[in-house]
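Heads up, the thing below is written out as structure tokens.
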Amino acid sequence: MLHHAVKFLNHYHGGDAVFAARLDRDERGRHTVDAFLLPRYDFHYKDGRRVKKASVSKFSKAHAKQRFGRDDRRSQGSALQDAFFEHLRDNMQLHGVMPPERKKSTTKDRVEPEVFGLREDRQKLHETSRRLVNADRVAQQHIKGQAAENEAKARLIARKEAALKSAQEQLAAERSAYEEASTKRSLVLDQREAVVRRDAKTVRNVRILSGQGVSRSLNRILDAAFESQEER
């Protein structure tokens, strides 16, 4: 892996690029290759002199121009991915290697911390708003249910009040009828009492006038009649 990585990077960047490389074999990142490179090339002056110069984009731009006809940063990245795929497939003979998939969108993968924080805040605000809407919906349902329950209780109380009022009116009517009947009955009893007193006096007077007199037992009966009428 280390030799293939160095070989590919050097070949892609003109043959003289990698100046250090290492292979990590820790517990978490097994077989991870770190390569350090600074592509260099021979620069020729008009007087025949030749010097080494470094460029981080000279070869990547050339590959992008050759493959896609343009050398923008997106084309440089795509050319590097295509070349690495071909190296894995043709040189290393790895089976099942998948070619790189082009993104449908050209938006940047990296998001600035401020933009990321703003997105997080918006997401939190959206979640908070959603929870508040749900809580408001639940509260409205509870209020509607409570209102319906209160309305049902009010109707029940109204029916009970109406029944009580009807019972009171009926009781008042019965009491009035009873008092009226009692008054009539009292008048009738008074009339009967007057008749009894008159009859008792008549009987006593008749016996006295006829010379029969009134016996003690008859006096007791007549007196009892008077007393009973007074009690009534």
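Labels for the structure tokens follow display order: chains A, B, ..., residues from 1 in each chain, ligands from 1.
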request  = Could you find all residues in stretch 16-81 of chain A that DSSP calls alpha helix (DSSP H) from the backbone, and write them as a PyMOL selection string?
outcome  = chain A and resi 58-68+73-81
Just write the chosen residues, N, CA, C and O atoms, as a JSON list (two decimals), in the first residue's frame.
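Ended up saving to result.json:
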[["chain", "number", "residue", "atom", "x", "y", "z"],
["A", 58, "LYS", "N", 0.50, 22.54, -11.23],
["A", 58, "LYS", "CA", 0.92, 22.41, -12.63],
["A", 58, "LYS", "C", 0.44, 21.11, -13.25],
["A", 58, "LYS", "O", -0.20, 21.10, -14.31],
["A", 59, "PHE", "N", 0.71, 19.99, -12.60],
["A", 59, "PHE", "CA", 0.36, 18.69, -13.17],
["A", 59, "PHE", "C", -1.13, 18.38, -13.05],
["A", 59, "PHE", "O", -1.72, 17.77, -13.95],
["A", 60, "SER", "N", -1.74, 18.77, -11.92],
["A", 60, "SER", "CA", -3.17, 18.52, -11.78],
["A", 60, "SER", "C", -3.98, 19.30, -12.81],
["A", 60, "SER", "O", -4.97, 18.80, -13.37],
["A", 61, "LYS", "N", -3.55, 20.51, -13.13],
["A", 61, "LYS", "CA", -4.24, 21.29, -14.17],
["A", 61, "LYS", "C", -4.06, 20.64, -15.53],
["A", 61, "LYS", "O", -4.99, 20.61, -16.35],
["A", 62, "ALA", "N", -2.84, 20.12, -15.79],
["A", 62, "ALA", "CA", -2.59, 19.49, -17.09],
["A", 62, "ALA", "C", -3.46, 18.25, -17.27],
["A", 62, "ALA", "O", -4.02, 18.02, -18.36],
["A", 63, "HIS", "N", -3.58, 17.42, -16.22],
["A", 63, "HIS", "CA", -4.45, 16.24, -16.31],
["A", 63, "HIS", "C", -5.90, 16.63, -16.52],
["A", 63, "HIS", "O", -6.63, 15.99, -17.31],
["A", 64, "ALA", "N", -6.37, 17.66, -15.81],
["A", 64, "ALA", "CA", -7.76, 18.10, -15.95],
["A", 64, "ALA", "C", -8.01, 18.63, -17.36],
["A", 64, "ALA", "O", -9.05, 18.35, -17.98],
["A", 65, "LYS", "N", -7.05, 19.39, -17.88],
["A", 65, "LYS", "CA", -7.19, 19.92, -19.23],
["A", 65, "LYS", "C", -7.24, 18.80, -20.26],
["A", 65, "LYS", "O", -8.03, 18.84, -21.21],
["A", 66, "GLN", "N", -6.42, 17.77, -20.04],
["A", 66, "GLN", "CA", -6.38, 16.64, -20.97],
["A", 66, "GLN", "C", -7.68, 15.84, -20.94],
["A", 66, "GLN", "O", -8.16, 15.39, -21.99],
["A", 67, "ARG", "N", -8.26, 15.64, -19.74],
["A", 67, "ARG", "CA", -9.44, 14.80, -19.62],
["A", 67, "ARG", "C", -10.75, 15.56, -19.92],
["A", 67, "ARG", "O", -11.66, 15.02, -20.55],
["A", 68, "PHE", "N", -10.86, 16.79, -19.44],
["A", 68, "PHE", "CA", -12.15, 17.49, -19.51],
["A", 68, "PHE", "C", -12.11, 18.77, -20.32],
["A", 68, "PHE", "O", -13.15, 19.41, -20.51],
["A", 73, "ARG", "N", -10.92, 23.85, -10.43],
["A", 73, "ARG", "CA", -10.63, 23.00, -9.25],
["A", 73, "ARG", "C", -11.49, 21.74, -9.26],
["A", 73, "ARG", "O", -11.02, 20.67, -8.89],
["A", 74, "ARG", "N", -12.74, 21.85, -9.66],
["A", 74, "ARG", "CA", -13.60, 20.68, -9.72],
["A", 74, "ARG", "C", -13.07, 19.68, -10.74],
["A", 74, "ARG", "O", -13.04, 18.46, -10.48],
["A", 75, "SER", "N", -12.64, 20.16, -11.88],
["A", 75, "SER", "CA", -12.09, 19.27, -12.91],
["A", 75, "SER", "C", -10.79, 18.62, -12.44],
["A", 75, "SER", "O", -10.53, 17.44, -12.72],
["A", 76, "GLN", "N", -9.97, 19.36, -11.70],
["A", 76, "GLN", "CA", -8.73, 18.78, -11.16],
["A", 76, "GLN", "C", -9.03, 17.63, -10.20],
["A", 76, "GLN", "O", -8.39, 16.58, -10.23],
["A", 77, "GLY", "N", -10.03, 17.83, -9.32],
["A", 77, "GLY", "CA", -10.39, 16.76, -8.39],
["A", 77, "GLY", "C", -10.94, 15.54, -9.10],
["A", 77, "GLY", "O", -10.63, 14.40, -8.76],
["A", 78, "SER", "N", -11.78, 15.77, -10.12],
["A", 78, "SER", "CA", -12.36, 14.65, -10.86],
["A", 78, "SER", "C", -11.27, 13.89, -11.63],
["A", 78, "SER", "O", -11.29, 12.65, -11.69],
["A", 79, "ALA", "N", -10.29, 14.60, -12.20],
["A", 79, "ALA", "CA", -9.20, 13.94, -12.92],
["A", 79, "ALA", "C", -8.36, 13.09, -11.98],
["A", 79, "ALA", "O", -7.93, 11.97, -12.34],
["A", 80, "LEU", "N", -8.11, 13.57, -10.76],
["A", 80, "LEU", "CA", -7.35, 12.80, -9.78],
["A", 80, "LEU", "C", -8.10, 11.53, -9.39],
["A", 80, "LEU", "O", -7.51, 10.44, -9.30],
["A", 81, "GLN", "N", -9.41, 11.62, -9.18],
["A", 81, "GLN", "CA", -10.20, 10.45, -8.82],
["A", 81, "GLN", "C", -10.21, 9.42, -9.95],
["A", 81, "GLN", "O", -10.08, 8.21, -9.71]]
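Atom pair atom CA of A:Ala35 / atom CA of A:Gly14: separated by 15.6 Å.
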ask   = Just asking: which residues within stretch 46-218 of chain A are strand (DSSP E) according to DSSP, as a ChimeraX atom specification?
value = /A:50-54
Take the selection from the previous step and output its residues with all heavy atoms, as an mmCIF file, in the first residue's frame.
data_model
loop_
_atom_site.group_PDB
_atom_site.id
_atom_site.type_symbol
_atom_site.label_atom_id
_atom_site.label_comp_id
_atom_site.auth_asym_id
_atom_site.auth_seq_id
_atom_site.Cartn_x
_atom_site.Cartn_y
_atom_site.Cartn_z
ATOM 1 N N ARG A 50 18.855 25.147 -16.520
ATOM 2 C CA ARG A 50 17.731 24.312 -16.080
ATOM 3 C C ARG A 50 17.728 24.270 -14.559
ATOM 4 O O ARG A 50 18.748 23.950 -13.938
ATOM 5 C CB ARG A 50 17.867 22.909 -16.642
ATOM 6 C CG ARG A 50 16.651 22.028 -16.320
ATOM 7 C CD ARG A 50 16.792 20.652 -16.948
ATOM 8 N NE ARG A 50 17.930 19.953 -16.386
ATOM 9 C CZ ARG A 50 18.291 18.722 -16.732
ATOM 10 N NH1 ARG A 50 17.618 18.077 -17.698
ATOM 11 N NH2 ARG A 50 19.349 18.144 -16.179
ATOM 12 N N VAL A 51 16.589 24.576 -13.974
ATOM 13 C CA VAL A 51 16.460 24.585 -12.506
ATOM 14 C C VAL A 51 15.198 23.821 -12.111
ATOM 15 O O VAL A 51 14.280 23.636 -12.920
ATOM 16 C CB VAL A 51 16.401 26.019 -11.949
ATOM 17 C CG1 VAL A 51 17.721 26.775 -12.220
ATOM 18 C CG2 VAL A 51 15.213 26.773 -12.535
ATOM 19 N N LYS A 52 15.160 23.409 -10.855
ATOM 20 C CA LYS A 52 13.989 22.728 -10.291
ATOM 21 C C LYS A 52 13.049 23.773 -9.686
ATOM 22 O O LYS A 52 13.459 24.601 -8.879
ATOM 23 C CB LYS A 52 14.399 21.724 -9.207
ATOM 24 C CG LYS A 52 15.030 20.458 -9.727
ATOM 25 C CD LYS A 52 13.981 19.535 -10.327
ATOM 26 C CE LYS A 52 14.563 18.180 -10.688
ATOM 27 N NZ LYS A 52 13.545 17.276 -11.291
ATOM 28 N N LYS A 53 11.795 23.707 -10.070
ATOM 29 C CA LYS A 53 10.779 24.563 -9.488
ATOM 30 C C LYS A 53 9.640 23.694 -8.949
ATOM 31 O O LYS A 53 9.442 22.571 -9.412
ATOM 32 C CB LYS A 53 10.246 25.560 -10.515
ATOM 33 C CG LYS A 53 11.214 26.692 -10.823
ATOM 34 C CD LYS A 53 10.523 27.800 -11.609
ATOM 35 C CE LYS A 53 11.455 28.988 -11.789
ATOM 36 N NZ LYS A 53 10.790 30.120 -12.479
ATOM 37 N N ALA A 54 8.923 24.242 -7.998
ATOM 38 C CA ALA A 54 7.799 23.518 -7.374
ATOM 39 C C ALA A 54 6.480 24.167 -7.754
ATOM 40 O O ALA A 54 6.393 25.389 -7.905
ATOM 41 C CB ALA A 54 7.951 23.495 -5.854
#
request  = Find the residues near A:Leu38: any atom within 7 Å, counting only C-alpha atoms, skip ones fewer than 4 places away on the same chain, and give them as a list in words.
outcome  =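 Returned residues: Ala17, Val18, Ala54 and Val56 of chain A.
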message = Ranking A:Arg159, A:Arg137, A:His11, A:Arg197 by minimum distance to A:Phe84 and counting only C-alpha atoms, which one comes first?
response = A:His11
